[in-house]
Amino acid sequence: MTTENRFKEGMAHSPDPGDDGSENQLTGKEVYHLVSDTVTGLNVRKSDNKFQALFILISVLVLAMIGAGLVALFPAGKLPWYGGALLGGLAGLPLGLLASGLYLMIYRGIRHMKGDHS
């Protein structure tokens, strides 16, 4: 029976027999990002969250303008322009969320395949 500890503190997985630990190991933060991007979990990257918030805001504003413009062009529905803006803005929320989430999913997937887990 040996008393040697083969596990180094902060390692993401157990070492292979004969592994001297000289290879780059993933840090705890990199492991968290890898799991939260590929399996499940909250994305805590500030840059991703800022991007998604800005994308959703822009999509709400653009679709609100489109909705107001469509109501102004087709007045037969008897809906005021601000009603069209409200409906367009409400449509922009899920559209912006889904579109930005899809972009981030593909972007982070490509980064993980390249080995960048930061």
# chains A, B, ... in the order shown; residues from 1 in each chain; ligands from 1
call {"tool": "residues_around", "arguments": {"residues": "Arg45 (chain A)", "least_positions_apart": "2", "cutoff": "12 Å", "atoms": "only C-alpha atoms", "output": "MDAnalysis selection string"}}
result
chainID A and resid 29:30 32:34 36:37 41:43 47:52 104 108 117:118
call {"tool": "residues_around", "arguments": {"residues": "Pro80 (chain A)", "least_positions_apart": "5", "cutoff": "10 Å", "atoms": "only C-alpha atoms", "output": "ChimeraX atom specification"}}
result
/A:68,71-72,75,85
call {"tool": "atom_distance", "arguments": {"atom1": "CA of Leu95 (chain A)", "atom2": "CA of Val44 (chain A)"}}
result
21.9 Å
